[in-house]
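Okay, so here's the structure we're looking at.
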Amino acid sequence: MDGLSPKERLNERLNKLETAGMAKTREWVGLWKDSLGYFFSSQLEGKKPKKNWDWIIVNYLWPAAMAEIAKLSKNNPTIIANPWDDNDSDAAEAWQSNLQWQWEKGINKTGMRLEQLAAILDSKLHGYRVSKIYWENNSFWDGKKWQGDVKYRLWHPAYFWATGEEKIEDGDCGTVRYVELDYAIQRWPDFEKALISEAKKYKDILGEGGAESIRGQTATSGTYPSLGTGGVDKGVGGDNSKLLALIIDRNKKPNYDPEKEFVKISEFYFKDYETKHIKNEQPVPKEHLLQTGQIQTDGIEFFDTNGIPLSPETWPKVTVEEYDEPLYPLGRYIIRAGTETILNPEPETQVYQYSRWPFVVTPHYMLPHMWQGIDGVQMYKSAQDMINITASHLVNNMKMFGDPKIAVESGAIATPPGRQAAHYKIGSAAGAIIRLARGGLNRFKILDPKTPSASQMALYNLFAQEFKNMTGLQNVAMGKEMSGSMTATEVNYLAISSNDRISLQNVYEEEWVKGVAQLIAEVCQLNYDVNRWIRIIGEDSVLGATQITQKLKDVKFDIDLIPGSQLPFDEEKKIAKYEKAALLLSQPVANPMTPEMLRVLNIHGWKKILQRYESWQKFAQFQQLYQSVVEGKMMPQQAANVIIQTMMGIYQQAVKGGQIPIPPEKQTEKKKNYS
């Protein structure tokens with residue numbers, strides 16, 4: 001053995017997990033630094049200053065990203081809960097209504113629209129987003145006690161690690177962060193002494209050269225623990241990028257008191273295959289034991305062969321089944337302060353309870369066989385650099401040759417008389433008067449400015465167009481007038497191409513929404529108590545409330561989405577589909593293809609609609625009768641009698657409602673009865 005206690009062995013395992021995971025995260029530090037700088041116009045790093053030369057930045061990255069985000073923001077999906085069993089449709093619909101309320105109003109008090117935009121921006125800069133869904137015990141005070149509720153947080157990728165290759169679920173994952181000691185003691189009061197011993201002063205955390213920062217990032221927007229002090233691109237000539245400096249300073253939090261104490265908090269979600277042996281036994285029937293002579297009885301008590309009375313504990317048993325049961329079938333969760341203090345030491349609190357890790361990690365653009373993604377900057381840097389270079393040449397050409405130059409011979413300019421120090425100079429302002437000596441006009445020449453090369457502008461337009469081609473957002477997709485002559489067909493194909501790129505990004509968004517909604521549903525279903533009231537958004541977006549029942553706790557359902565685009569042409573398509581469905585359901589005779597048609601048209605709640613469609617219900621009843629006769633469960637005459645009675649009921653109801661006139665002979669019979 002290694003001589004370590006179980007706790008020491010566990011901590012050693014956790015240290016190895018975190019070290020390996022954060023080493024993988026650190027590999028992305030340089031990429032994030034470049035992307036952050038380029039995105040916020042700090043694009044001159046490495047450019048050498050030249051005399052009388054200005055470097056120009058024309059930032060295409062930021063507006064292109066904002067245009068894409070603006071397109072994606074128009075999709076406000078409707079969350080659908082599809083029950084595993086059709087009999088559970090009402091219970092699934094209750095969760096569906098609650099999830100819609102959580103999405104629009106409940107999570108973080110502002111809903112998820114702004115959170116989704118922040119997540120898209122995170123993906124643009126880091127290549128992937130990390131969304132955490134968790135249960136907070138002290139979510140709100142109801143006047144008598146703290147109530148728990150589900151929470152969402154967009155987690156900075158620098159504080160997250162995962163050991164999986166293609167998906168984070170393939171391996172283990174976790175987070176690292178620093179919190180103030182006072183907060184940690186309030187949050188975990190039972191561990192006050194241990195937290196104080198684990199705490200470090202800010203100056204000690206920073207170490208020599210300020211290598212590590214409190215929020216888990218390096219000064220260059222890297223990750224915990226950092227490898228250097230970092231800094232901001234000063235630009236050519238020493239001009240700071242003030243916006244970028246503010247963003248990085250926000251991450252560094254550099255103004256803490258050096259003596260202030262902090263505690264490192266780590267969370268671990270990992271697979272643990274430890275098992276316990278299960279042995280199910282049953283008592284041997286007394287008749288068998290008596291018959292085989294293994295026990296004796298005096299008619300009241302039972303004794304073994306030695307005459308000792310038998311109790312339920314000593315009664316002979318036989319093993320029915322024997323197997324090894326996992327202690328952590330879905331995974332193990334541990335939260336730790338520092339390197340030794342486990343804040344949930346009880347084994348039952350370490351059992352992870354959900355079907356997937358509490359993080360939804362979504363790439364911005366996919367990378368082969370990796371859960372990480374590529375950001376919205378790196379692949380466009382070369383085009384952005386060339387745009388800046390060509391723009392700089394155009395501007396410097398204008399600066400150097402945009403104004404006329406004047407050539408004069410010596411003595412052509414008039415000078416003041418006597419010993420005055422002042423001399424007349426050639427004015428540079430418009431309308432300036434130049435004092436020439438007599439005959440000086442013949443010794444004076446204005447040089448025409450040099451016209452910029454046509455290839456310079458052509459090159460600029462080429463790189464600008466290539467940038468649009470790479471990002472997939474053409475002018476027509478951003479509402480800009482197209483330059484040059486293009487046919488309507490060409491413009492239409494260009495618009496379709498741009499929409500295809502947005503559709504691709506929307507696939508990631510829909511998968512992110514489904515993943516987040518699925519985790520929210522699992523967390524709520526497991527932790528909400530029976531009889532608790534929850535908010536819902538019902539039909540026609542009417543706010544309401546419903547009560548948690550045991551059926552709601554037990555129902556099984558899957559999450560799906562109905563894209564809720566606010567684009568006018570999408571609304572028109574939706575109206576057209578519902579008009580087709582209404583026409584189909586208005587037919588007096590039910591069509592056997594009705595369910596399939598409603599499903600293909602993607603009509604929300606089509607099963608419920610069929611329950612209200614009287615003709616279809618009668619058709620379904622006839623189908624049941626037909627099947628019963630075919631299977632021999634009912635005689636044909638019995639089925640015919642049921643159909644006749646049903647038709648008679650329909651007929652009598654129609655007569656009473658005035659839909660069918662009473663035949664004359666029936667009217668005569670009715671009068672006779674009255675007389």
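Labels for the structure tokens follow display order: chains A, B, ..., residues from 1 in each chain, ligands from 1.
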
Practice item. Fewer than 5 positions away in the same chain doesn't count, so skip those; otherwise give me all residues within 12 Å of Lys109 of chain A, counting only C-alpha atoms, as a PyMOL selection string. Key: chain A and resi 101-104+114-115+139-140+149-152

Go ahead and dump the residues you just picked, N, CA and C atoms, as a PDB file, in the first residue's frame.
```pdb
ATOM      1  N   TRP A 101     -41.633  29.510 -18.774  1.00  0.00           N
ATOM      2  CA  TRP A 101     -41.559  30.639 -17.829  1.00  0.00           C
ATOM      3  C   TRP A 101     -40.124  30.818 -17.331  1.00  0.00           C
ATOM      4  N   GLN A 102     -39.456  29.698 -17.023  1.00  0.00           N
ATOM      5  CA  GLN A 102     -38.062  29.792 -16.586  1.00  0.00           C
ATOM      6  C   GLN A 102     -37.220  30.471 -17.661  1.00  0.00           C
ATOM      7  N   TRP A 103     -37.446  30.089 -18.920  1.00  0.00           N
ATOM      8  CA  TRP A 103     -36.634  30.614 -20.008  1.00  0.00           C
ATOM      9  C   TRP A 103     -36.890  32.103 -20.228  1.00  0.00           C
ATOM     10  N   GLU A 104     -38.140  32.519 -20.157  1.00  0.00           N
ATOM     11  CA  GLU A 104     -38.486  33.900 -20.487  1.00  0.00           C
ATOM     12  C   GLU A 104     -38.389  34.844 -19.297  1.00  0.00           C
ATOM     13  N   LEU A 114     -30.961  37.762 -22.852  1.00  0.00           N
ATOM     14  CA  LEU A 114     -29.681  38.457 -22.705  1.00  0.00           C
ATOM     15  C   LEU A 114     -28.548  37.467 -22.394  1.00  0.00           C
ATOM     16  N   GLU A 115     -28.874  36.427 -21.632  1.00  0.00           N
ATOM     17  CA  GLU A 115     -27.857  35.424 -21.319  1.00  0.00           C
ATOM     18  C   GLU A 115     -27.398  34.709 -22.589  1.00  0.00           C
ATOM     19  N   SER A 139     -31.977  30.343  -2.498  1.00  0.00           N
ATOM     20  CA  SER A 139     -32.263  31.157  -3.674  1.00  0.00           C
ATOM     21  C   SER A 139     -33.063  32.408  -3.315  1.00  0.00           C
ATOM     22  N   PHE A 140     -34.105  32.249  -2.507  1.00  0.00           N
ATOM     23  CA  PHE A 140     -34.906  33.421  -2.113  1.00  0.00           C
ATOM     24  C   PHE A 140     -35.573  33.142  -0.771  1.00  0.00           C
ATOM     25  N   ASP A 149     -33.929  26.963  -5.542  1.00  0.00           N
ATOM     26  CA  ASP A 149     -34.405  27.047  -6.925  1.00  0.00           C
ATOM     27  C   ASP A 149     -33.238  26.816  -7.875  1.00  0.00           C
ATOM     28  N   VAL A 150     -33.574  26.564  -9.125  1.00  0.00           N
ATOM     29  CA  VAL A 150     -32.568  26.313 -10.150  1.00  0.00           C
ATOM     30  C   VAL A 150     -31.925  27.633 -10.563  1.00  0.00           C
ATOM     31  N   LYS A 151     -30.630  27.590 -10.895  1.00  0.00           N
ATOM     32  CA  LYS A 151     -29.893  28.787 -11.302  1.00  0.00           C
ATOM     33  C   LYS A 151     -29.074  28.489 -12.555  1.00  0.00           C
ATOM     34  N   TYR A 152     -28.777  29.550 -13.280  1.00  0.00           N
ATOM     35  CA  TYR A 152     -27.952  29.454 -14.480  1.00  0.00           C
ATOM     36  C   TYR A 152     -26.804  30.454 -14.363  1.00  0.00           C
TER      37      TYR A 152
END
```

Review point. Near segment 523-528 of chain A, counting only C-alpha atoms, which residues have an atom at most 10 Å away, once you skip same-chain residues fewer than 4 positions from it, shown as a PyMOL selection string?
Key: chain A and resi 95+98-99+133-135+137+147-151+353-354+358+517-519+532-534+548-549+552-556

Please save N, CA, C and O atoms of the selected residues as an mmCIF file, in the first residue's frame.
```
data_model
loop_
_atom_site.group_PDB
_atom_site.id
_atom_site.type_symbol
_atom_site.label_atom_id
_atom_site.label_comp_id
_atom_site.auth_asym_id
_atom_site.auth_seq_id
_atom_site.Cartn_x
_atom_site.Cartn_y
_atom_site.Cartn_z
ATOM 1 N N TRP A 95 -44.732 20.801 -17.106
ATOM 2 C CA TRP A 95 -43.303 21.098 -17.104
ATOM 3 C C TRP A 95 -42.927 21.978 -18.287
ATOM 4 O O TRP A 95 -42.085 22.875 -18.175
ATOM 5 N N ASN A 98 -43.776 25.439 -17.367
ATOM 6 C CA ASN A 98 -42.835 25.970 -16.380
ATOM 7 C C ASN A 98 -41.487 26.289 -17.012
ATOM 8 O O ASN A 98 -40.876 27.328 -16.709
ATOM 9 N N LEU A 99 -41.018 25.407 -17.900
ATOM 10 C CA LEU A 99 -39.737 25.662 -18.571
ATOM 11 C C LEU A 99 -39.806 26.921 -19.422
ATOM 12 O O LEU A 99 -38.833 27.682 -19.485
ATOM 13 N N ILE A 133 -25.711 24.890 -14.989
ATOM 14 C CA ILE A 133 -27.050 24.866 -14.393
ATOM 15 C C ILE A 133 -26.938 24.113 -13.075
ATOM 16 O O ILE A 133 -26.412 22.991 -13.036
ATOM 17 N N TYR A 134 -27.423 24.708 -12.009
ATOM 18 C CA TYR A 134 -27.228 24.109 -10.684
ATOM 19 C C TYR A 134 -28.374 24.490 -9.762
ATOM 20 O O TYR A 134 -29.184 25.388 -10.052
ATOM 21 N N TRP A 135 -28.464 23.804 -8.626
ATOM 22 C CA TRP A 135 -29.490 24.055 -7.621
ATOM 23 C C TRP A 135 -28.886 24.901 -6.511
ATOM 24 O O TRP A 135 -27.838 24.572 -5.957
ATOM 25 N N ASN A 137 -29.604 26.285 -2.812
ATOM 26 C CA ASN A 137 -30.500 26.079 -1.669
ATOM 27 C C ASN A 137 -31.076 27.386 -1.134
ATOM 28 O O ASN A 137 -32.240 27.449 -0.760
ATOM 29 N N GLN A 147 -35.807 29.344 0.387
ATOM 30 C CA GLN A 147 -36.297 28.387 -0.602
ATOM 31 C C GLN A 147 -35.223 28.165 -1.665
ATOM 32 O O GLN A 147 -34.513 29.089 -2.046
ATOM 33 N N GLY A 148 -35.125 26.944 -2.122
ATOM 34 C CA GLY A 148 -34.166 26.625 -3.172
ATOM 35 C C GLY A 148 -34.777 26.776 -4.552
ATOM 36 O O GLY A 148 -35.998 26.721 -4.721
ATOM 37 N N ASP A 149 -33.929 26.963 -5.542
ATOM 38 C CA ASP A 149 -34.405 27.047 -6.925
ATOM 39 C C ASP A 149 -33.238 26.816 -7.875
ATOM 40 O O ASP A 149 -32.068 26.866 -7.477
ATOM 41 N N VAL A 150 -33.574 26.564 -9.125
ATOM 42 C CA VAL A 150 -32.568 26.313 -10.150
ATOM 43 C C VAL A 150 -31.925 27.633 -10.563
ATOM 44 O O VAL A 150 -32.573 28.685 -10.565
ATOM 45 N N LYS A 151 -30.630 27.590 -10.895
ATOM 46 C CA LYS A 151 -29.893 28.787 -11.302
ATOM 47 C C LYS A 151 -29.074 28.489 -12.555
ATOM 48 O O LYS A 151 -28.713 27.342 -12.824
ATOM 49 N N GLN A 353 -26.555 13.206 -9.411
ATOM 50 C CA GLN A 353 -27.918 12.714 -9.586
ATOM 51 C C GLN A 353 -28.508 12.954 -10.969
ATOM 52 O O GLN A 353 -29.648 12.539 -11.217
ATOM 53 N N TYR A 354 -27.788 13.616 -11.861
ATOM 54 C CA TYR A 354 -28.384 13.976 -13.147
ATOM 55 C C TYR A 354 -27.752 13.164 -14.279
ATOM 56 O O TYR A 354 -26.677 12.588 -14.128
ATOM 57 N N PRO A 358 -23.258 19.102 -15.181
ATOM 58 C CA PRO A 358 -24.089 20.316 -15.103
ATOM 59 C C PRO A 358 -23.632 21.435 -16.035
ATOM 60 O O PRO A 358 -24.030 22.584 -15.853
ATOM 61 N N ALA A 517 -32.212 23.614 -21.327
ATOM 62 C CA ALA A 517 -33.577 23.328 -20.881
ATOM 63 C C ALA A 517 -33.682 21.934 -20.269
ATOM 64 O O ALA A 517 -34.389 21.731 -19.269
ATOM 65 N N GLN A 518 -32.979 20.953 -20.856
ATOM 66 C CA GLN A 518 -33.010 19.590 -20.320
ATOM 67 C C GLN A 518 -32.442 19.546 -18.905
ATOM 68 O O GLN A 518 -33.015 18.901 -18.013
ATOM 69 N N LEU A 519 -31.328 20.241 -18.681
ATOM 70 C CA LEU A 519 -30.747 20.258 -17.331
ATOM 71 C C LEU A 519 -31.637 21.009 -16.350
ATOM 72 O O LEU A 519 -31.788 20.595 -15.193
ATOM 73 N N ARG A 532 -45.428 22.196 -3.883
ATOM 74 C CA ARG A 532 -44.854 23.512 -4.147
ATOM 75 C C ARG A 532 -45.535 24.133 -5.368
ATOM 76 O O ARG A 532 -45.782 23.467 -6.372
ATOM 77 N N TRP A 533 -45.804 25.431 -5.290
ATOM 78 C CA TRP A 533 -46.387 26.146 -6.418
ATOM 79 C C TRP A 533 -45.269 26.689 -7.304
ATOM 80 O O TRP A 533 -44.294 27.248 -6.819
ATOM 81 N N ILE A 534 -45.424 26.489 -8.614
ATOM 82 C CA ILE A 534 -44.441 26.984 -9.574
ATOM 83 C C ILE A 534 -45.143 27.832 -10.625
ATOM 84 O O ILE A 534 -46.334 27.656 -10.893
ATOM 85 N N ILE A 548 -46.890 21.295 -7.807
ATOM 86 C CA ILE A 548 -46.126 20.064 -8.025
ATOM 87 C C ILE A 548 -46.864 18.895 -7.380
ATOM 88 O O ILE A 548 -47.231 18.943 -6.208
ATOM 89 N N THR A 549 -47.087 17.849 -8.158
ATOM 90 C CA THR A 549 -47.681 16.613 -7.661
ATOM 91 C C THR A 549 -46.671 15.481 -7.813
ATOM 92 O O THR A 549 -45.628 15.638 -8.450
ATOM 93 N N LEU A 552 -46.034 14.727 -11.395
ATOM 94 C CA LEU A 552 -45.074 15.631 -12.020
ATOM 95 C C LEU A 552 -43.646 15.248 -11.645
ATOM 96 O O LEU A 552 -42.719 15.433 -12.438
ATOM 97 N N LYS A 553 -43.459 14.735 -10.438
ATOM 98 C CA LYS A 553 -42.121 14.302 -10.016
ATOM 99 C C LYS A 553 -41.670 13.043 -10.778
ATOM 100 O O LYS A 553 -40.472 12.858 -10.999
ATOM 101 N N ASP A 554 -42.631 12.205 -11.182
ATOM 102 C CA ASP A 554 -42.293 10.906 -11.757
ATOM 103 C C ASP A 554 -42.337 10.869 -13.282
ATOM 104 O O ASP A 554 -41.761 9.963 -13.883
ATOM 105 N N VAL A 555 -43.018 11.823 -13.905
ATOM 106 C CA VAL A 555 -43.232 11.751 -15.353
ATOM 107 C C VAL A 555 -41.900 11.826 -16.106
ATOM 108 O O VAL A 555 -40.974 12.542 -15.708
ATOM 109 N N LYS A 556 -41.803 11.077 -17.189
ATOM 110 C CA LYS A 556 -40.601 11.080 -18.023
ATOM 111 C C LYS A 556 -40.944 11.742 -19.359
ATOM 112 O O LYS A 556 -41.969 11.439 -19.966
#
```

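Distance-wise, atom CA of Gly30 of chain A and atom CA of Met386 of chain A end up 21.6 Å apart.
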
Review point. Given the choices A:Lys167, A:Lys317, A:His126, A:Lys381, which gets closest to Leu31 of chain A if the distance is worked out from only C-alpha atoms?
Key: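 Closest residue, counting only C-alpha atoms: A:His126.
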
Practice item. Report as number ranges by chain: the residues of segment 219-439 of chain A with a DSSP assignment of strand (DSSP E), based on the backbone of this structure. Key: A: 261-270, 275-283, 296-297, 302-303, 317-326, 332-337, 341-342, 359-363, 365-366, 373-374, 405-408

Can you write out the residues you just picked, keeping C-alpha atoms, as a PDB file, in the first residue's frame?
```
ATOM      1  CA  GLU A 261      -7.440  36.800   2.240  1.00  0.00           C
ATOM      2  CA  PHE A 262      -8.937  34.468  -0.347  1.00  0.00           C
ATOM      3  CA  VAL A 263      -9.791  30.771  -0.536  1.00  0.00           C
ATOM      4  CA  LYS A 264      -9.467  28.614  -3.615  1.00  0.00           C
ATOM      5  CA  ILE A 265     -12.704  26.704  -4.319  1.00  0.00           C
ATOM      6  CA  SER A 266     -12.610  23.729  -6.682  1.00  0.00           C
ATOM      7  CA  GLU A 267     -15.507  21.606  -7.916  1.00  0.00           C
ATOM      8  CA  PHE A 268     -15.019  18.116  -9.329  1.00  0.00           C
ATOM      9  CA  TYR A 269     -17.418  16.038 -11.423  1.00  0.00           C
ATOM     10  CA  PHE A 270     -15.815  12.706 -12.170  1.00  0.00           C
ATOM     11  CA  THR A 275     -19.002  -0.602  -5.963  1.00  0.00           C
ATOM     12  CA  LYS A 276     -20.570  -2.287  -2.978  1.00  0.00           C
ATOM     13  CA  HIS A 277     -21.485  -5.966  -2.914  1.00  0.00           C
ATOM     14  CA  ILE A 278     -25.229  -6.667  -2.750  1.00  0.00           C
ATOM     15  CA  LYS A 279     -26.459 -10.016  -1.511  1.00  0.00           C
ATOM     16  CA  ASN A 280     -30.242 -10.506  -1.512  1.00  0.00           C
ATOM     17  CA  GLU A 281     -31.378 -13.331   0.748  1.00  0.00           C
ATOM     18  CA  GLN A 282     -34.761 -14.822   1.620  1.00  0.00           C
ATOM     19  CA  PRO A 283     -35.769 -16.954   4.625  1.00  0.00           C
ATOM     20  CA  GLN A 296     -37.494 -28.442  15.272  1.00  0.00           C
ATOM     21  CA  THR A 297     -40.654 -27.032  16.822  1.00  0.00           C
ATOM     22  CA  PHE A 302     -38.753 -23.088  16.394  1.00  0.00           C
ATOM     23  CA  PHE A 303     -35.306 -24.422  17.412  1.00  0.00           C
ATOM     24  CA  LYS A 317     -31.582 -17.987   4.613  1.00  0.00           C
ATOM     25  CA  VAL A 318     -30.898 -18.737   0.970  1.00  0.00           C
ATOM     26  CA  THR A 319     -29.199 -16.319  -1.468  1.00  0.00           C
ATOM     27  CA  VAL A 320     -31.574 -15.236  -4.218  1.00  0.00           C
ATOM     28  CA  GLU A 321     -29.230 -12.943  -6.155  1.00  0.00           C
ATOM     29  CA  GLU A 322     -25.769 -11.492  -5.723  1.00  0.00           C
ATOM     30  CA  TYR A 323     -24.166  -8.586  -7.598  1.00  0.00           C
ATOM     31  CA  ASP A 324     -21.945  -5.478  -7.307  1.00  0.00           C
ATOM     32  CA  GLU A 325     -23.840  -2.168  -7.212  1.00  0.00           C
ATOM     33  CA  PRO A 326     -22.057   1.093  -8.180  1.00  0.00           C
ATOM     34  CA  ARG A 332     -19.354  11.696  -8.227  1.00  0.00           C
ATOM     35  CA  TYR A 333     -19.390  15.329  -7.127  1.00  0.00           C
ATOM     36  CA  ILE A 334     -16.938  16.919  -4.667  1.00  0.00           C
ATOM     37  CA  ILE A 335     -16.452  20.554  -3.708  1.00  0.00           C
ATOM     38  CA  ARG A 336     -13.159  21.393  -2.039  1.00  0.00           C
ATOM     39  CA  ALA A 337     -11.494  24.396  -0.426  1.00  0.00           C
ATOM     40  CA  THR A 341     -10.756  20.542   2.900  1.00  0.00           C
ATOM     41  CA  ILE A 342     -13.681  18.665   1.312  1.00  0.00           C
ATOM     42  CA  PHE A 359     -22.292  22.128 -17.941  1.00  0.00           C
ATOM     43  CA  VAL A 360     -23.536  22.694 -21.465  1.00  0.00           C
ATOM     44  CA  VAL A 361     -20.427  23.311 -23.594  1.00  0.00           C
ATOM     45  CA  THR A 362     -21.160  24.496 -27.135  1.00  0.00           C
ATOM     46  CA  PRO A 363     -18.528  25.281 -29.782  1.00  0.00           C
ATOM     47  CA  TYR A 365     -17.269  26.554 -35.014  1.00  0.00           C
ATOM     48  CA  MET A 366     -16.551  22.834 -34.818  1.00  0.00           C
ATOM     49  CA  GLY A 373     -14.263  25.123 -30.903  1.00  0.00           C
ATOM     50  CA  ILE A 374     -12.616  27.810 -32.971  1.00  0.00           C
ATOM     51  CA  LYS A 405       3.324  70.946 -53.073  1.00  0.00           C
ATOM     52  CA  ILE A 406       4.957  74.312 -54.048  1.00  0.00           C
ATOM     53  CA  ALA A 407       8.451  74.581 -55.561  1.00  0.00           C
ATOM     54  CA  VAL A 408      10.239  77.965 -55.487  1.00  0.00           C
TER      55      VAL A 408
END
```

Point to revise | Polymer residues at most 12 Å from Asn82 of chain A, only C-alpha atoms, same-chain spacing of 3 or more positions, as number ranges by chain | key: A: 79, 85-96, 518, 555-561, 604-607

Point to revise | From A:Pro258, A:Ile562, A:Gly338, A:Ile446, residue lying nearest Lys203 of chain A [only C-alpha atoms] | key: A:Pro258

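Comparing A:Ala454, A:Leu625, A:Ala158, A:Val58 by their smallest distance to Val642 of chain A, the closest is A:Leu625 (using only C-alpha atoms).
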
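Among the candidate residues A:Ile502, A:Val629, A:Trp141, A:Thr78, the one lying nearest to Ile537 of chain A is A:Thr78, with distances computed using only C-alpha atoms.
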
**Study point:** Distance of atom CA of Ser41 of chain A from atom CA of Leu61 of chain A, expressed in Å to one decimal place
**Key:**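 So the two atoms, atom CA of Leu61 of chain A and atom CA of Ser41 of chain A, lie 8.6 Å apart.
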
Point to revise | Option closest in space to Trp55 of chain A, from A:Cys173, A:Leu195, A:Ile387, A:Leu343 [counting only C-alpha atoms] | key: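 Going through A:Cys173, A:Leu195, A:Ile387, A:Leu343 one by one, the smallest distance to Trp55 of chain A is for A:Ile387.
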